[in-house]
$ cat upload-v4.cif   # mmCIF, N, CA, C and O atoms
data_data
loop_
_atom_site.group_PDB
_atom_site.id
_atom_site.type_symbol
_atom_site.label_atom_id
_atom_site.label_comp_id
_atom_site.auth_asym_id
_atom_site.auth_seq_id
_atom_site.Cartn_x
_atom_site.Cartn_y
_atom_site.Cartn_z
ATOM 1 N N MET A 217 -23.785 229.250 43.354
ATOM 2 C CA MET A 217 -23.525 228.862 41.979
ATOM 3 C C MET A 217 -22.920 227.454 41.914
ATOM 4 O O MET A 217 -23.144 226.748 40.937
ATOM 5 N N ARG A 218 -22.180 227.091 42.960
ATOM 6 C CA ARG A 218 -21.598 225.748 42.935
ATOM 7 C C ARG A 218 -22.693 224.669 42.965
ATOM 8 O O ARG A 218 -22.589 223.666 42.281
ATOM 9 N N LEU A 219 -23.749 224.905 43.753
ATOM 10 C CA LEU A 219 -24.863 223.955 43.778
ATOM 11 C C LEU A 219 -25.560 223.887 42.426
ATOM 12 O O LEU A 219 -25.963 222.809 41.984
ATOM 13 N N VAL A 220 -25.700 225.028 41.765
ATOM 14 C CA VAL A 220 -26.331 225.053 40.441
ATOM 15 C C VAL A 220 -25.516 224.205 39.471
ATOM 16 O O VAL A 220 -26.057 223.386 38.725
ATOM 17 N N GLU A 221 -24.215 224.390 39.473
ATOM 18 C CA GLU A 221 -23.353 223.610 38.582
ATOM 19 C C GLU A 221 -23.376 222.126 38.946
ATOM 20 O O GLU A 221 -23.360 221.267 38.069
ATOM 21 N N LEU A 222 -23.434 221.842 40.240
ATOM 22 C CA LEU A 222 -23.443 220.462 40.698
ATOM 23 C C LEU A 222 -24.709 219.733 40.262
ATOM 24 O O LEU A 222 -24.658 218.583 39.809
ATOM 25 N N TYR A 223 -25.870 220.389 40.365
ATOM 26 C CA TYR A 223 -27.146 219.738 40.081
ATOM 27 C C TYR A 223 -27.637 219.923 38.645
ATOM 28 O O TYR A 223 -28.646 219.343 38.262
ATOM 29 N N ARG A 224 -26.958 220.705 37.838
ATOM 30 C CA ARG A 224 -27.398 220.955 36.464
ATOM 31 C C ARG A 224 -27.659 219.669 35.669
ATOM 32 O O ARG A 224 -28.710 219.546 35.042
ATOM 33 N N PRO A 225 -26.756 218.682 35.679
ATOM 34 C CA PRO A 225 -27.025 217.470 34.888
ATOM 35 C C PRO A 225 -28.285 216.732 35.336
ATOM 36 O O PRO A 225 -28.977 216.123 34.529
ATOM 37 N N TYR A 226 -28.594 216.806 36.612
ATOM 38 C CA TYR A 226 -29.768 216.110 37.134
ATOM 39 C C TYR A 226 -31.052 216.879 36.843
ATOM 40 O O TYR A 226 -32.105 216.282 36.640
ATOM 41 N N LEU A 227 -30.969 218.181 36.840
ATOM 42 C CA LEU A 227 -32.157 219.007 36.598
ATOM 43 C C LEU A 227 -32.634 218.919 35.156
ATOM 44 O O LEU A 227 -33.822 219.028 34.880
ATOM 45 N N PHE A 228 -31.707 218.742 34.229
ATOM 46 C CA PHE A 228 -32.058 218.722 32.818
ATOM 47 C C PHE A 228 -31.996 217.321 32.214
ATOM 48 O O PHE A 228 -32.006 217.160 31.012
ATOM 49 N N PHE A 229 -31.949 216.303 33.055
ATOM 50 C CA PHE A 229 -31.906 214.910 32.625
ATOM 51 C C PHE A 229 -33.310 214.503 32.186
ATOM 52 O O PHE A 229 -34.268 214.578 32.941
ATOM 53 N N LYS A 230 -33.448 214.088 30.943
ATOM 54 C CA LYS A 230 -34.757 213.765 30.368
ATOM 55 C C LYS A 230 -34.981 212.252 30.399
ATOM 56 O O LYS A 230 -34.829 211.564 29.398
ATOM 57 N N ALA A 231 -35.342 211.743 31.544
ATOM 58 C CA ALA A 231 -35.609 210.318 31.667
ATOM 59 C C ALA A 231 -36.803 210.111 32.586
ATOM 60 O O ALA A 231 -37.154 210.989 33.366
ATOM 61 N N ILE A 232 -37.399 208.951 32.476
ATOM 62 C CA ILE A 232 -38.516 208.582 33.338
ATOM 63 C C ILE A 232 -38.120 207.292 34.044
ATOM 64 O O ILE A 232 -37.660 206.339 33.412
ATOM 65 N N PHE A 233 -38.283 207.281 35.343
ATOM 66 C CA PHE A 233 -37.959 206.107 36.131
ATOM 67 C C PHE A 233 -39.259 205.507 36.666
ATOM 68 O O PHE A 233 -40.192 206.224 36.984
ATOM 69 N N ASP A 234 -39.294 204.202 36.763
ATOM 70 C CA ASP A 234 -40.454 203.563 37.378
ATOM 71 C C ASP A 234 -39.969 202.564 38.421
ATOM 72 O O ASP A 234 -38.784 202.275 38.516
ATOM 73 N N ASP A 235 -40.885 202.080 39.197
ATOM 74 C CA ASP A 235 -40.521 201.127 40.247
ATOM 75 C C ASP A 235 -41.226 199.780 40.069
ATOM 76 O O ASP A 235 -41.528 199.096 41.032
ATOM 77 N N LYS A 236 -41.454 199.397 38.818
ATOM 78 C CA LYS A 236 -42.125 198.122 38.546
ATOM 79 C C LYS A 236 -41.330 196.944 39.101
ATOM 80 O O LYS A 236 -41.904 196.031 39.703
ATOM 81 N N ASN A 237 -40.021 196.954 38.911
ATOM 82 C CA ASN A 237 -39.204 195.852 39.414
ATOM 83 C C ASN A 237 -39.187 195.834 40.936
ATOM 84 O O ASN A 237 -39.166 194.766 41.550
ATOM 85 N N THR A 238 -39.206 197.005 41.554
ATOM 86 C CA THR A 238 -39.271 197.072 43.011
ATOM 87 C C THR A 238 -40.587 196.510 43.508
ATOM 88 O O THR A 238 -40.620 195.785 44.508
ATOM 89 N N ASP A 239 -41.680 196.826 42.821
ATOM 90 C CA ASP A 239 -42.984 196.264 43.183
ATOM 91 C C ASP A 239 -42.963 194.742 43.082
ATOM 92 O O ASP A 239 -43.490 194.045 43.956
ATOM 93 N N LYS A 240 -42.347 194.215 42.034
ATOM 94 C CA LYS A 240 -42.246 192.760 41.868
ATOM 95 C C LYS A 240 -41.424 192.132 42.997
ATOM 96 O O LYS A 240 -41.768 191.072 43.512
ATOM 97 N N LEU A 241 -40.335 192.796 43.377
ATOM 98 C CA LEU A 241 -39.484 192.300 44.451
ATOM 99 C C LEU A 241 -40.246 192.278 45.775
ATOM 100 O O LEU A 241 -40.182 191.302 46.523
ATOM 101 N N ARG A 242 -40.974 193.349 46.066
ATOM 102 C CA ARG A 242 -41.756 193.392 47.312
ATOM 103 C C ARG A 242 -42.841 192.319 47.307
ATOM 104 O O ARG A 242 -43.105 191.695 48.332
ATOM 105 N N ALA A 243 -43.495 192.102 46.176
ATOM 106 C CA ALA A 243 -44.525 191.069 46.084
ATOM 107 C C ALA A 243 -43.911 189.686 46.304
ATOM 108 O O ALA A 243 -44.486 188.848 47.019
ATOM 109 N N ALA A 244 -42.754 189.439 45.717
ATOM 110 C CA ALA A 244 -42.085 188.148 45.905
ATOM 111 C C ALA A 244 -41.678 187.965 47.367
ATOM 112 O O ALA A 244 -41.781 186.863 47.910
ATOM 113 N N ALA A 245 -41.231 189.026 48.017
ATOM 114 C CA ALA A 245 -40.846 188.938 49.426
ATOM 115 C C ALA A 245 -42.062 188.656 50.299
ATOM 116 O O ALA A 245 -41.969 187.899 51.266
ATOM 117 N N ARG A 246 -43.213 189.260 49.970
ATOM 118 C CA ARG A 246 -44.433 188.999 50.742
ATOM 119 C C ARG A 246 -44.850 187.540 50.630
ATOM 120 O O ARG A 246 -45.368 186.958 51.584
ATOM 121 N N ASN A 247 -44.615 186.936 49.474
ATOM 122 C CA ASN A 247 -45.010 185.543 49.251
ATOM 123 C C ASN A 247 -43.939 184.548 49.683
ATOM 124 O O ASN A 247 -44.140 183.347 49.568
ATOM 125 N N SER A 248 -42.826 185.051 50.168
ATOM 126 C CA SER A 248 -41.711 184.194 50.557
ATOM 127 C C SER A 248 -41.994 183.502 51.890
ATOM 128 O O SER A 248 -42.685 184.027 52.758
ATOM 129 N N ILE A 249 -41.422 182.330 52.048
ATOM 130 C CA ILE A 249 -41.541 181.600 53.318
ATOM 131 C C ILE A 249 -40.665 182.256 54.373
ATOM 132 O O ILE A 249 -41.005 182.299 55.545
ATOM 133 N N ASP A 250 -39.531 182.791 53.962
ATOM 134 C CA ASP A 250 -38.565 183.402 54.876
ATOM 135 C C ASP A 250 -39.073 184.781 55.308
ATOM 136 O O ASP A 250 -39.191 185.689 54.498
ATOM 137 N N SER A 251 -39.361 184.962 56.578
ATOM 138 C CA SER A 251 -39.900 186.232 57.064
ATOM 139 C C SER A 251 -38.868 187.360 56.983
ATOM 140 O O SER A 251 -39.234 188.534 56.979
ATOM 141 N N ALA A 252 -37.583 187.020 56.917
ATOM 142 C CA ALA A 252 -36.552 188.051 56.785
ATOM 143 C C ALA A 252 -36.694 188.795 55.463
ATOM 144 O O ALA A 252 -36.457 189.998 55.389
ATOM 145 N N ASP A 253 -37.109 188.082 54.413
ATOM 146 C CA ASP A 253 -37.317 188.735 53.120
ATOM 147 C C ASP A 253 -38.368 189.829 53.242
ATOM 148 O O ASP A 253 -38.199 190.929 52.734
ATOM 149 N N THR A 254 -39.455 189.528 53.907
ATOM 150 C CA THR A 254 -40.525 190.512 54.083
ATOM 151 C C THR A 254 -40.017 191.701 54.880
ATOM 152 O O THR A 254 -40.308 192.851 54.552
ATOM 153 N N PHE A 255 -39.229 191.451 55.912
ATOM 154 C CA PHE A 255 -38.705 192.537 56.740
ATOM 155 C C PHE A 255 -37.807 193.463 55.924
ATOM 156 O O PHE A 255 -37.940 194.676 55.992
ATOM 157 N N TYR A 256 -36.901 192.920 55.148
ATOM 158 C CA TYR A 256 -35.927 193.743 54.437
ATOM 159 C C TYR A 256 -36.512 194.503 53.249
ATOM 160 O O TYR A 256 -35.935 195.474 52.805
ATOM 161 N N PHE A 257 -37.634 194.059 52.727
ATOM 162 C CA PHE A 257 -38.197 194.712 51.556
ATOM 163 C C PHE A 257 -39.523 195.413 51.847
ATOM 164 O O PHE A 257 -40.317 195.637 50.953
ATOM 165 N N GLN A 258 -39.764 195.793 53.089
ATOM 166 C CA GLN A 258 -41.011 196.469 53.413
ATOM 167 C C GLN A 258 -40.841 197.989 53.290
ATOM 168 O O GLN A 258 -40.859 198.727 54.254
ATOM 169 N N PHE A 259 -40.662 198.446 52.083
ATOM 170 C CA PHE A 259 -40.569 199.868 51.807
ATOM 171 C C PHE A 259 -41.332 200.146 50.528
ATOM 172 O O PHE A 259 -41.504 199.268 49.697
ATOM 173 N N ASP A 260 -41.814 201.343 50.415
ATOM 174 C CA ASP A 260 -42.531 201.740 49.217
ATOM 175 C C ASP A 260 -42.080 203.153 48.871
ATOM 176 O O ASP A 260 -42.367 204.096 49.609
ATOM 177 N N PRO A 261 -41.350 203.331 47.759
ATOM 178 C CA PRO A 261 -40.838 204.659 47.412
ATOM 179 C C PRO A 261 -41.948 205.690 47.212
ATOM 180 O O PRO A 261 -41.701 206.882 47.310
ATOM 181 N N LYS A 262 -43.165 205.228 46.975
ATOM 182 C CA LYS A 262 -44.275 206.165 46.789
ATOM 183 C C LYS A 262 -44.685 206.829 48.101
ATOM 184 O O LYS A 262 -45.362 207.844 48.083
ATOM 185 N N THR A 263 -44.299 206.242 49.241
ATOM 186 C CA THR A 263 -44.683 206.811 50.525
ATOM 187 C C THR A 263 -43.675 207.825 51.056
ATOM 188 O O THR A 263 -43.906 208.442 52.086
ATOM 189 N N ILE A 264 -42.555 207.990 50.369
ATOM 190 C CA ILE A 264 -41.533 208.945 50.807
ATOM 191 C C ILE A 264 -42.000 210.362 50.508
ATOM 192 O O ILE A 264 -42.468 210.657 49.421
ATOM 193 N N ASN A 265 -41.864 211.227 51.482
ATOM 194 C CA ASN A 265 -42.159 212.639 51.288
ATOM 195 C C ASN A 265 -40.911 213.256 50.656
ATOM 196 O O ASN A 265 -39.985 213.672 51.356
ATOM 197 N N TRP A 266 -40.875 213.290 49.330
ATOM 198 C CA TRP A 266 -39.667 213.694 48.614
ATOM 199 C C TRP A 266 -39.298 215.150 48.861
ATOM 200 O O TRP A 266 -38.119 215.495 48.933
ATOM 201 N N GLU A 267 -40.268 216.027 48.985
ATOM 202 C CA GLU A 267 -39.961 217.440 49.247
ATOM 203 C C GLU A 267 -39.270 217.583 50.602
ATOM 204 O O GLU A 267 -38.258 218.269 50.725
ATOM 205 N N ASP A 268 -39.808 216.915 51.626
ATOM 206 C CA ASP A 268 -39.196 216.964 52.955
ATOM 207 C C ASP A 268 -37.792 216.368 52.918
ATOM 208 O O ASP A 268 -36.857 216.920 53.498
ATOM 209 N N TYR A 269 -37.634 215.238 52.235
ATOM 210 C CA TYR A 269 -36.319 214.605 52.140
ATOM 211 C C TYR A 269 -35.296 215.538 51.486
ATOM 212 O O TYR A 269 -34.190 215.718 51.994
ATOM 213 N N MET A 270 -35.662 216.130 50.359
ATOM 214 C CA MET A 270 -34.722 217.008 49.650
ATOM 215 C C MET A 270 -34.364 218.236 50.487
ATOM 216 O O MET A 270 -33.194 218.612 50.575
ATOM 217 N N MET A 271 -35.369 218.860 51.087
ATOM 218 C CA MET A 271 -35.143 220.112 51.812
ATOM 219 C C MET A 271 -34.462 219.902 53.165
ATOM 220 O O MET A 271 -33.656 220.736 53.581
ATOM 221 N N ASN A 272 -34.774 218.817 53.860
ATOM 222 C CA ASN A 272 -34.294 218.648 55.229
ATOM 223 C C ASN A 272 -33.213 217.588 55.404
ATOM 224 O O ASN A 272 -32.617 217.502 56.483
ATOM 225 N N VAL A 273 -32.946 216.793 54.378
ATOM 226 C CA VAL A 273 -31.926 215.748 54.497
ATOM 227 C C VAL A 273 -30.866 215.897 53.411
ATOM 228 O O VAL A 273 -29.678 216.100 53.698
ATOM 229 N N HIS A 274 -31.287 215.815 52.155
ATOM 230 C CA HIS A 274 -30.329 215.776 51.054
ATOM 231 C C HIS A 274 -29.549 217.079 50.892
ATOM 232 O O HIS A 274 -28.308 217.075 50.887
ATOM 233 N N LEU A 275 -30.252 218.187 50.733
ATOM 234 C CA LEU A 275 -29.551 219.461 50.511
ATOM 235 C C LEU A 275 -28.700 219.885 51.707
ATOM 236 O O LEU A 275 -27.552 220.300 51.510
ATOM 237 N N PRO A 276 -29.195 219.803 52.961
ATOM 238 C CA PRO A 276 -28.306 220.142 54.078
ATOM 239 C C PRO A 276 -27.065 219.248 54.143
ATOM 240 O O PRO A 276 -25.969 219.720 54.449
ATOM 241 N N GLY A 277 -27.229 217.971 53.817
ATOM 242 C CA GLY A 277 -26.076 217.063 53.805
ATOM 243 C C GLY A 277 -25.094 217.435 52.703
ATOM 244 O O GLY A 277 -23.874 217.434 52.911
ATOM 245 N N ALA A 278 -25.610 217.771 51.533
ATOM 246 C CA ALA A 278 -24.740 218.189 50.430
ATOM 247 C C ALA A 278 -23.977 219.457 50.795
ATOM 248 O O ALA A 278 -22.765 219.542 50.572
ATOM 249 N N VAL A 279 -24.662 220.407 51.379
ATOM 250 C CA VAL A 279 -23.998 221.658 51.777
ATOM 251 C C VAL A 279 -22.940 221.375 52.844
ATOM 252 O O VAL A 279 -21.812 221.884 52.758
ATOM 253 N N LYS A 280 -23.287 220.557 53.817
ATOM 254 C CA LYS A 280 -22.349 220.247 54.897
ATOM 255 C C LYS A 280 -21.072 219.581 54.392
ATOM 256 O O LYS A 280 -19.977 219.951 54.778
ATOM 257 N N PHE A 281 -21.221 218.607 53.488
ATOM 258 C CA PHE A 281 -20.063 217.844 53.070
ATOM 259 C C PHE A 281 -19.361 218.397 51.833
ATOM 260 O O PHE A 281 -18.203 218.068 51.585
ATOM 261 N N LEU A 282 -20.024 219.250 51.065
ATOM 262 C CA LEU A 282 -19.382 219.820 49.883
ATOM 263 C C LEU A 282 -18.717 221.168 50.143
ATOM 264 O O LEU A 282 -17.818 221.560 49.429
ATOM 265 N N PHE A 283 -19.173 221.871 51.159
ATOM 266 C CA PHE A 283 -18.691 223.236 51.359
ATOM 267 C C PHE A 283 -17.927 223.406 52.666
ATOM 268 O O PHE A 283 -17.744 224.517 53.137
ATOM 269 N N LYS A 284 -17.474 222.350 53.270
ATOM 270 C CA LYS A 284 -16.681 222.464 54.502
ATOM 271 C C LYS A 284 -15.285 221.983 54.282
ATOM 272 O O LYS A 284 -14.927 221.289 53.463
#
$ encode --input "upload-v4.cif" --output "structure tokens"
Amino acid sequence: MRLVELYRPYLFFKAIFDDKNTDKLRAAARNSIDSADTFYFQFDPKTINWEDYMMNVHLPGAVKFLFK
């Protein structure tokens, strides 16, 4: 029940998020002369396996640090 209460605001949050600005940032980094920019921004949130992340990383971490 503690997890239900903890996640309730997030489960019923009625918003839509997009990554247009992130796409613009990655495009600018690709066109940058500095290769470090390209290295630091080479991620795409669309490639994340969100189900695996939630089940195997986020929730176990929340349980470990919230209930110990």
$ atom_distance --input "upload-v4.cif" --atom1 "atom CA of Leu241 of chain A" --atom2 "atom CA of Asp260 of chain A"
11.0 Å
$ atom_distance --input "upload-v4.cif" --atom1 "atom CA of Lys236 of chain A" --atom2 "atom CA of Phe259 of chain A"
13.5 Å
$ atom_distance --input "upload-v4.cif" --atom1 "atom O of Phe255 of chain A" --atom2 "atom O of Thr238 of chain A"
11.8 Å
$ closest_residue --input "upload-v4.cif" --among "A:Pro276, A:Pro261, A:Trp266, A:Ala252" --to "Asp239 of chain A" --atoms "only C-alpha atoms"
A:Pro261
$ select_by_dssp --input "upload-v4.cif" --residues "chain A" --states "helix (DSSP H, G or I)" --output "PyMOL selection string"
chain A and resi 218-227+236-246+251-256+261-263+266-282
$ axis_aligned_box --input "upload-v4.cif" --around "segment 230-234 of chain A" --padding-each-side "8 Å" --output "JSON"
{"center_x": -37.0, "center_y": 208.2, "center_z": 34.0, "size_x": 23.0, "size_y": 27.8, "size_z": 25.1}
